[in-house]
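Containing JSON, C-alpha atoms: work_5.json.
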[["chain", "number", "residue", "atom", "x", "y", "z"],
["A", 1, "MET", "CA", 8.53, 4.23, -9.36],
["A", 2, "SER", "CA", 7.34, 7.06, -11.60],
["A", 3, "ILE", "CA", 4.32, 4.90, -12.49],
["A", 4, "ALA", "CA", 3.56, 4.33, -8.78],
["A", 5, "LYS", "CA", 3.68, 8.09, -8.26],
["A", 6, "LEU", "CA", 1.29, 8.59, -11.17],
["A", 7, "VAL", "CA", -1.08, 5.93, -9.79],
["A", 8, "ALA", "CA", -1.01, 7.75, -6.41],
["A", 9, "THR", "CA", -2.64, 10.77, -8.05],
["A", 10, "ARG", "CA", -5.88, 8.73, -8.19],
["A", 11, "SER", "CA", -5.94, 8.49, -4.39],
["A", 12, "THR", "CA", -8.99, 9.84, -2.59],
["A", 13, "CYS", "CA", -7.30, 9.92, 0.84],
["A", 14, "LEU", "CA", -7.07, 13.33, 2.48],
["A", 15, "ARG", "CA", -3.95, 12.50, 4.52],
["A", 16, "ARG", "CA", -1.61, 10.71, 2.15],
["A", 17, "SER", "CA", -1.65, 9.74, -1.52],
["A", 18, "VAL", "CA", -0.10, 6.31, -2.06],
["A", 19, "GLY", "CA", 0.40, 4.37, -5.26],
["A", 20, "ALA", "CA", 1.59, 0.79, -5.75],
["A", 21, "VAL", "CA", 2.64, -1.20, -8.81],
["A", 22, "LEU", "CA", 3.12, -4.97, -8.83],
["A", 23, "VAL", "CA", 5.71, -6.19, -11.34],
["A", 24, "LYS", "CA", 7.04, -9.55, -12.52],
["A", 25, "ASP", "CA", 9.61, -10.14, -15.25],
["A", 26, "LYS", "CA", 9.63, -6.39, -16.02],
["A", 27, "ARG", "CA", 5.88, -6.42, -16.70],
["A", 28, "ILE", "CA", 3.23, -4.49, -14.78],
["A", 29, "LEU", "CA", 0.67, -6.93, -13.39],
["A", 30, "ALA", "CA", -1.54, -4.63, -11.32],
["A", 31, "THR", "CA", -1.74, -1.18, -9.78],
["A", 32, "GLY", "CA", -3.41, 0.14, -6.65],
["A", 33, "TYR", "CA", -3.97, 3.40, -4.83],
["A", 34, "ASN", "CA", -5.46, 4.20, -1.44],
["A", 35, "GLY", "CA", -9.13, 5.02, -1.26],
["A", 36, "ALA", "CA", -12.59, 3.80, -0.31],
["A", 37, "PRO", "CA", -13.98, 0.50, -1.66],
["A", 38, "THR", "CA", -15.85, 0.53, -4.96],
["A", 39, "GLY", "CA", -19.27, 2.17, -4.66],
["A", 40, "ILE", "CA", -18.54, 3.68, -1.23],
["A", 41, "ARG", "CA", -18.29, 7.44, -0.67],
["A", 42, "HIS", "CA", -14.72, 8.70, -0.52],
["A", 43, "CYS", "CA", -13.15, 10.68, 2.31],
["A", 44, "LYS", "CA", -13.10, 13.72, 0.02],
["A", 45, "GLU", "CA", -16.90, 13.58, 0.31],
["A", 46, "THR", "CA", -17.33, 12.46, 3.94],
["A", 47, "GLY", "CA", -14.25, 13.86, 5.67],
["A", 48, "CYS", "CA", -11.43, 11.88, 7.24],
["A", 49, "LEU", "CA", -12.33, 9.72, 10.26],
["A", 50, "ARG", "CA", -8.68, 9.58, 11.31],
["A", 51, "GLU", "CA", -8.21, 13.35, 11.16],
["A", 52, "ASN", "CA", -11.46, 13.98, 13.02],
["A", 53, "GLN", "CA", -10.36, 11.58, 15.81],
["A", 54, "MET", "CA", -6.72, 12.80, 15.75],
["A", 55, "ILE", "CA", -5.32, 9.30, 15.12],
["A", 56, "LYS", "CA", -1.58, 9.20, 14.53],
["A", 57, "PRO", "CA", -0.02, 7.48, 11.50],
["A", 58, "GLY", "CA", 0.74, 3.83, 12.19],
["A", 59, "GLU", "CA", -2.09, 3.47, 14.72],
["A", 60, "ARG", "CA", -5.68, 2.14, 14.57],
["A", 61, "HIS", "CA", -5.64, 1.19, 10.87],
["A", 62, "GLU", "CA", -9.17, -0.20, 11.16],
["A", 63, "LEU", "CA", -10.57, 3.31, 11.70],
["A", 64, "CYS", "CA", -10.50, 4.36, 8.07],
["A", 65, "ARG", "CA", -12.93, 4.24, 5.14],
["A", 66, "GLY", "CA", -10.15, 3.45, 2.72],
["A", 67, "LEU", "CA", -8.02, 0.54, 1.63],
["A", 68, "HIS", "CA", -4.29, 0.94, 1.31],
["A", 69, "ALA", "CA", -2.65, 0.94, -2.12],
["A", 70, "GLU", "CA", -0.87, -2.35, -1.34],
["A", 71, "GLN", "CA", -4.18, -3.97, -0.38],
["A", 72, "ASN", "CA", -5.77, -2.74, -3.60],
["A", 73, "VAL", "CA", -2.90, -4.03, -5.77],
["A", 74, "ILE", "CA", -3.36, -7.51, -4.24],
["A", 75, "ILE", "CA", -7.15, -7.31, -4.62],
["A", 76, "GLN", "CA", -6.84, -6.24, -8.26],
["A", 77, "SER", "CA", -4.52, -9.17, -8.91],
["A", 78, "ALA", "CA", -7.03, -11.58, -7.36],
["A", 79, "TYR", "CA", -9.98, -9.98, -9.17],
["A", 80, "TYR", "CA", -8.34, -10.49, -12.55],
["A", 81, "GLY", "CA", -6.70, -13.85, -11.75],
["A", 82, "VAL", "CA", -3.10, -12.65, -11.79],
["A", 83, "THR", "CA", -0.63, -14.49, -9.58],
["A", 84, "THR", "CA", 1.33, -12.42, -7.07],
["A", 85, "LYS", "CA", 3.92, -15.08, -6.24],
["A", 86, "GLY", "CA", 7.48, -14.01, -6.99],
["A", 87, "THR", "CA", 6.61, -10.38, -7.70],
["A", 88, "THR", "CA", 8.20, -7.04, -6.88],
["A", 89, "LEU", "CA", 6.21, -4.17, -5.41],
["A", 90, "TYR", "CA", 6.98, -0.54, -6.15],
["A", 91, "SER", "CA", 5.19, 1.71, -3.66],
["A", 92, "THR", "CA", 5.40, 5.40, -2.98],
["A", 93, "HIS", "CA", 5.40, 4.57, 0.77],
["A", 94, "LYS", "CA", 6.73, 1.79, 2.98],
["A", 95, "PRO", "CA", 3.94, -0.71, 3.81],
["A", 96, "CYS", "CA", 2.25, -0.75, 7.22],
["A", 97, "ILE", "CA", 2.03, -3.94, 9.28],
["A", 98, "ILE", "CA", -1.34, -4.99, 7.84],
["A", 99, "CYS", "CA", -0.14, -4.57, 4.26],
["A", 100, "SER", "CA", 3.20, -6.20, 5.08],
["A", 101, "LYS", "CA", 1.44, -9.34, 6.33],
["A", 102, "MET", "CA", -0.67, -9.43, 3.18],
["A", 103, "LEU", "CA", 2.36, -8.93, 0.93],
["A", 104, "ILE", "CA", 4.19, -11.75, 2.73],
["A", 105, "ASN", "CA", 1.28, -14.15, 2.18],
["A", 106, "ALA", "CA", 0.83, -12.96, -1.41],
["A", 107, "GLY", "CA", 4.37, -14.12, -2.21],
["A", 108, "VAL", "CA", 5.89, -10.72, -2.93],
["A", 109, "GLU", "CA", 9.67, -11.11, -2.87],
["A", 110, "LYS", "CA", 10.95, -7.55, -3.07],
["A", 111, "ILE", "CA", 9.64, -4.11, -2.12],
["A", 112, "PHE", "CA", 10.92, -0.73, -3.28],
["A", 113, "PHE", "CA", 9.55, 2.45, -1.67],
["A", 114, "VAL", "CA", 10.33, 6.18, -1.48],
["A", 115, "ASP", "CA", 8.67, 7.59, 1.64],
["A", 116, "GLY", "CA", 8.90, 5.98, 5.07],
["A", 117, "TYR", "CA", 6.11, 4.93, 7.40],
["A", 118, "PRO", "CA", 6.41, 4.59, 11.21],
["A", 119, "ASP", "CA", 5.87, 0.85, 11.72],
["A", 120, "THR", "CA", 8.75, -1.14, 13.24],
["A", 121, "LEU", "CA", 6.71, -4.37, 13.46],
["A", 122, "ALA", "CA", 6.27, -4.24, 9.67],
["A", 123, "ASP", "CA", 10.04, -3.91, 9.29],
["A", 124, "GLU", "CA", 10.64, -6.88, 11.60],
["A", 125, "MET", "CA", 8.14, -9.15, 9.87],
["A", 126, "LEU", "CA", 9.32, -8.31, 6.35],
["A", 127, "SER", "CA", 12.88, -9.04, 7.43],
["A", 128, "GLU", "CA", 11.88, -12.32, 9.07],
["A", 129, "ALA", "CA", 10.07, -13.31, 5.87],
["A", 130, "ASN", "CA", 13.27, -12.61, 3.91],
["A", 131, "ILE", "CA", 11.59, -10.01, 1.74],
["A", 132, "GLU", "CA", 14.10, -7.55, 0.37],
["A", 133, "VAL", "CA", 13.03, -4.00, 1.18],
["A", 134, "GLU", "CA", 14.83, -1.01, -0.30],
["A", 135, "ARG", "CA", 14.23, 2.70, 0.06],
["A", 136, "LEU", "CA", 14.89, 4.63, -3.14],
["A", 137, "SER", "CA", 16.17, 8.20, -3.16],
["A", 138, "ILE", "CA", 14.13, 9.95, -5.81]]
Could you express the structure from this file as structure tokens?
Amino acid sequence: MSIAKLVATRSTCLRRSVGAVLVKDKRILATGYNGAPTGIRHCKETGCLRENQMIKPGERHELCRGLHAEQNVIIQSAYYGVTTKGTTLYSTHKPCIICSKMLINAGVEKIFFVDGYPDTLADEMLSEANIEVERLSI
């Protein structure tokens, strides 16, 4: 988890810095942090759409310039041809519903996180998919 926290320091999000590390057989496969797509101006340059429109956490995910750390860890795995099936995710925050659906389809089997996120549908779907989710006290 300390590596996920370090990865989160690369975040360009003004609201929340999130880091994610994908692991299999005690080996790091990929990392991700939340921020704008490659070549696109970051929120630190443009301002936060969500703050400007007073959007609450857990709502209207599509109104954001950035990708979530969990999305980026899956994208990095795909970009470099690394399988995600049977992996464990360490994330500084609990995944939202969009990321949860992606993690389910990516074959992630276990998720560890530190900070919560207000998304009960994500909890329900991860449970239904039999993905083990554990909050760590760090």
Contact residues around region 100-111 of chain A with only C-alpha atoms at 9 Å, ignoring same-chain residues under 3 positions, as a tab-separated table (two decimals) with C-alpha atoms, in the frame of the given file:
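Contents of the output file around.tsv:
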chain	number	residue	atom	x	y	z
A	22	LEU	CA	3.12	-4.97	-8.83
A	70	GLU	CA	-0.87	-2.35	-1.34
A	71	GLN	CA	-4.18	-3.97	-0.38
A	74	ILE	CA	-3.36	-7.51	-4.24
A	83	THR	CA	-0.63	-14.49	-9.58
A	84	THR	CA	1.33	-12.42	-7.07
A	85	LYS	CA	3.92	-15.08	-6.24
A	86	GLY	CA	7.48	-14.01	-6.99
A	87	THR	CA	6.61	-10.38	-7.70
A	88	THR	CA	8.20	-7.04	-6.88
A	89	LEU	CA	6.21	-4.17	-5.41
A	90	TYR	CA	6.98	-0.54	-6.15
A	91	SER	CA	5.19	1.71	-3.66
A	94	LYS	CA	6.73	1.79	2.98
A	95	PRO	CA	3.94	-0.71	3.81
A	96	CYS	CA	2.25	-0.75	7.22
A	97	ILE	CA	2.03	-3.94	9.28
A	122	ALA	CA	6.27	-4.24	9.67
A	123	ASP	CA	10.04	-3.91	9.29
A	125	MET	CA	8.14	-9.15	9.87
A	126	LEU	CA	9.32	-8.31	6.35
A	129	ALA	CA	10.07	-13.31	5.87
A	130	ASN	CA	13.27	-12.61	3.91
A	131	ILE	CA	11.59	-10.01	1.74
A	132	GLU	CA	14.10	-7.55	0.37
A	133	VAL	CA	13.03	-4.00	1.18
A	134	GLU	CA	14.83	-1.01	-0.30
A	135	ARG	CA	14.23	2.70	0.06
Task: A:Val82, A:Ile40, A:Met54, A:Ala30 ranked by distance to Leu67 (chain A), top pick (using only C-alpha atoms) - done: A:Ile40
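Taking CA of Gly35 (chain A) as the reference point, CA of His68 (chain A) is found at 6.8 Å.
Nearest to Gly116 (chain A) of all the residues A:Lys44, A:Arg16, A:Lys24, A:His61 is A:Arg16, based on all atoms listed in the file.
Straight-line separation from CA of Ser77 (chain A) to CA of Cys13 (chain A): 21.6 Å.
Ranking A:Ile98, A:Ala20, A:Ala4, A:Arg65 by their shortest atom-to-atom distance to Glu45 (chain A), with all atoms listed in the file included, puts A:Arg65 first.
Pairwise distance (CA of Met1 (chain A), CA of Gly81 (chain A)) equals 23.8 Å.
Closest to Thr38 (chain A) among A:Lys26, A:Ile75, A:Val7, A:Val18 is A:Ile75, based on only C-alpha atoms.
Checking A:Thr92, A:Thr120, A:Asn52, A:Thr46 one by one against Ser17 (chain A), counting all atoms listed in the file, you find the shortest gap at A:Thr92.
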Open item on the list: So, with only C-alpha atoms as the atoms that count, which of A:Leu6, A:Leu121, A:Ala69, A:Ile138 lies closest to Asn34 (chain A)?
Closed with: A:Ala69
As a PDB file, in the frame of the given file, please: region 44-68 of chain A completed to N, CA, C and O atoms.
ATOM      1  N   LYS A  44     -12.975  12.363   0.549  1.00  0.00           N
ATOM      2  CA  LYS A  44     -13.100  13.720   0.020  1.00  0.00           C
ATOM      3  C   LYS A  44     -14.542  14.193   0.112  1.00  0.00           C
ATOM      4  O   LYS A  44     -14.802  15.389   0.155  1.00  0.00           O
ATOM      5  N   GLU A  45     -15.480  13.238   0.183  1.00  0.00           N
ATOM      6  CA  GLU A  45     -16.900  13.580   0.310  1.00  0.00           C
ATOM      7  C   GLU A  45     -17.358  13.579   1.765  1.00  0.00           C
ATOM      8  O   GLU A  45     -18.206  14.379   2.151  1.00  0.00           O
ATOM      9  N   THR A  46     -16.831  12.663   2.569  1.00  0.00           N
ATOM     10  CA  THR A  46     -17.330  12.460   3.940  1.00  0.00           C
ATOM     11  C   THR A  46     -16.453  13.086   5.009  1.00  0.00           C
ATOM     12  O   THR A  46     -16.897  13.243   6.147  1.00  0.00           O
ATOM     13  N   GLY A  47     -15.215  13.419   4.668  1.00  0.00           N
ATOM     14  CA  GLY A  47     -14.250  13.860   5.670  1.00  0.00           C
ATOM     15  C   GLY A  47     -13.454  12.658   6.170  1.00  0.00           C
ATOM     16  O   GLY A  47     -13.844  11.509   5.973  1.00  0.00           O
ATOM     17  N   CYS A  48     -12.341  12.928   6.791  1.00  0.00           N
ATOM     18  CA  CYS A  48     -11.430  11.880   7.240  1.00  0.00           C
ATOM     19  C   CYS A  48     -11.726  11.489   8.689  1.00  0.00           C
ATOM     20  O   CYS A  48     -11.616  12.320   9.603  1.00  0.00           O
ATOM     21  N   LEU A  49     -12.082  10.234   8.900  1.00  0.00           N
ATOM     22  CA  LEU A  49     -12.330   9.720  10.260  1.00  0.00           C
ATOM     23  C   LEU A  49     -11.079   9.858  11.123  1.00  0.00           C
ATOM     24  O   LEU A  49     -11.162  10.215  12.300  1.00  0.00           O
ATOM     25  N   ARG A  50      -9.928   9.568  10.551  1.00  0.00           N
ATOM     26  CA  ARG A  50      -8.680   9.580  11.310  1.00  0.00           C
ATOM     27  C   ARG A  50      -8.291  11.003  11.723  1.00  0.00           C
ATOM     28  O   ARG A  50      -7.844  11.226  12.840  1.00  0.00           O
ATOM     29  N   GLU A  51      -8.492  11.952  10.825  1.00  0.00           N
ATOM     30  CA  GLU A  51      -8.210  13.350  11.160  1.00  0.00           C
ATOM     31  C   GLU A  51      -9.168  13.840  12.243  1.00  0.00           C
ATOM     32  O   GLU A  51      -8.757  14.487  13.198  1.00  0.00           O
ATOM     33  N   ASN A  52     -10.453  13.524  12.068  1.00  0.00           N
ATOM     34  CA  ASN A  52     -11.460  13.980  13.020  1.00  0.00           C
ATOM     35  C   ASN A  52     -11.211  13.429  14.431  1.00  0.00           C
ATOM     36  O   ASN A  52     -11.531  14.083  15.412  1.00  0.00           O
ATOM     37  N   GLN A  53     -10.637  12.204  14.500  1.00  0.00           N
ATOM     38  CA  GLN A  53     -10.360  11.580  15.810  1.00  0.00           C
ATOM     39  C   GLN A  53      -8.904  11.740  16.229  1.00  0.00           C
ATOM     40  O   GLN A  53      -8.489  11.176  17.233  1.00  0.00           O
ATOM     41  N   MET A  54      -8.126  12.510  15.467  1.00  0.00           N
ATOM     42  CA  MET A  54      -6.720  12.800  15.750  1.00  0.00           C
ATOM     43  C   MET A  54      -5.890  11.523  15.968  1.00  0.00           C
ATOM     44  O   MET A  54      -5.122  11.406  16.914  1.00  0.00           O
ATOM     45  N   ILE A  55      -6.056  10.564  15.053  1.00  0.00           N
ATOM     46  CA  ILE A  55      -5.320   9.300  15.120  1.00  0.00           C
ATOM     47  C   ILE A  55      -3.985   9.471  14.420  1.00  0.00           C
ATOM     48  O   ILE A  55      -3.931   9.954  13.287  1.00  0.00           O
ATOM     49  N   LYS A  56      -2.920   9.065  15.077  1.00  0.00           N
ATOM     50  CA  LYS A  56      -1.580   9.200  14.530  1.00  0.00           C
ATOM     51  C   LYS A  56      -1.311   8.162  13.449  1.00  0.00           C
ATOM     52  O   LYS A  56      -1.870   7.070  13.493  1.00  0.00           O
ATOM     53  N   PRO A  57      -0.423   8.484  12.489  1.00  0.00           N
ATOM     54  CA  PRO A  57      -0.020   7.480  11.500  1.00  0.00           C
ATOM     55  C   PRO A  57       0.549   6.244  12.181  1.00  0.00           C
ATOM     56  O   PRO A  57       1.239   6.347  13.193  1.00  0.00           O
ATOM     57  N   GLY A  58       0.242   5.080  11.630  1.00  0.00           N
ATOM     58  CA  GLY A  58       0.740   3.830  12.190  1.00  0.00           C
ATOM     59  C   GLY A  58      -0.118   3.258  13.301  1.00  0.00           C
ATOM     60  O   GLY A  58       0.201   2.206  13.852  1.00  0.00           O
ATOM     61  N   GLU A  59      -1.215   3.935  13.647  1.00  0.00           N
ATOM     62  CA  GLU A  59      -2.090   3.470  14.720  1.00  0.00           C
ATOM     63  C   GLU A  59      -3.524   3.301  14.211  1.00  0.00           C
ATOM     64  O   GLU A  59      -3.956   4.009  13.318  1.00  0.00           O
ATOM     65  N   ARG A  60      -4.239   2.348  14.802  1.00  0.00           N
ATOM     66  CA  ARG A  60      -5.680   2.140  14.570  1.00  0.00           C
ATOM     67  C   ARG A  60      -6.054   2.125  13.084  1.00  0.00           C
ATOM     68  O   ARG A  60      -6.962   2.833  12.643  1.00  0.00           O
ATOM     69  N   HIS A  61      -5.390   1.275  12.312  1.00  0.00           N
ATOM     70  CA  HIS A  61      -5.640   1.190  10.870  1.00  0.00           C
ATOM     71  C   HIS A  61      -7.095   0.880  10.535  1.00  0.00           C
ATOM     72  O   HIS A  61      -7.575   1.246   9.468  1.00  0.00           O
ATOM     73  N   GLU A  62      -7.786   0.199  11.446  1.00  0.00           N
ATOM     74  CA  GLU A  62      -9.170  -0.200  11.160  1.00  0.00           C
ATOM     75  C   GLU A  62     -10.128   0.998  11.139  1.00  0.00           C
ATOM     76  O   GLU A  62     -11.234   0.894  10.599  1.00  0.00           O
ATOM     77  N   LEU A  63      -9.716   2.118  11.691  1.00  0.00           N
ATOM     78  CA  LEU A  63     -10.570   3.310  11.700  1.00  0.00           C
ATOM     79  C   LEU A  63     -10.272   4.164  10.464  1.00  0.00           C
ATOM     80  O   LEU A  63      -9.654   5.220  10.543  1.00  0.00           O
ATOM     81  N   CYS A  64     -10.720   3.669   9.340  1.00  0.00           N
ATOM     82  CA  CYS A  64     -10.500   4.360   8.070  1.00  0.00           C
ATOM     83  C   CYS A  64     -11.480   3.817   7.042  1.00  0.00           C
ATOM     84  O   CYS A  64     -11.737   2.615   7.009  1.00  0.00           O
ATOM     85  N   ARG A  65     -12.016   4.671   6.212  1.00  0.00           N
ATOM     86  CA  ARG A  65     -12.930   4.240   5.140  1.00  0.00           C
ATOM     87  C   ARG A  65     -12.182   3.580   3.999  1.00  0.00           C
ATOM     88  O   ARG A  65     -12.754   2.851   3.212  1.00  0.00           O
ATOM     89  N   GLY A  66     -10.898   3.862   3.889  1.00  0.00           N
ATOM     90  CA  GLY A  66     -10.150   3.450   2.720  1.00  0.00           C
ATOM     91  C   GLY A  66      -9.356   2.164   2.884  1.00  0.00           C
ATOM     92  O   GLY A  66      -9.123   1.670   3.978  1.00  0.00           O
ATOM     93  N   LEU A  67      -8.970   1.650   1.727  1.00  0.00           N
ATOM     94  CA  LEU A  67      -8.020   0.540   1.630  1.00  0.00           C
ATOM     95  C   LEU A  67      -6.681   1.141   1.257  1.00  0.00           C
ATOM     96  O   LEU A  67      -6.615   2.155   0.569  1.00  0.00           O
ATOM     97  N   HIS A  68      -5.621   0.485   1.686  1.00  0.00           N
ATOM     98  CA  HIS A  68      -4.290   0.940   1.310  1.00  0.00           C
ATOM     99  C   HIS A  68      -3.968   0.519  -0.121  1.00  0.00           C
ATOM    100  O   HIS A  68      -4.535  -0.438  -0.645  1.00  0.00           O
TER     101      HIS A  68
END
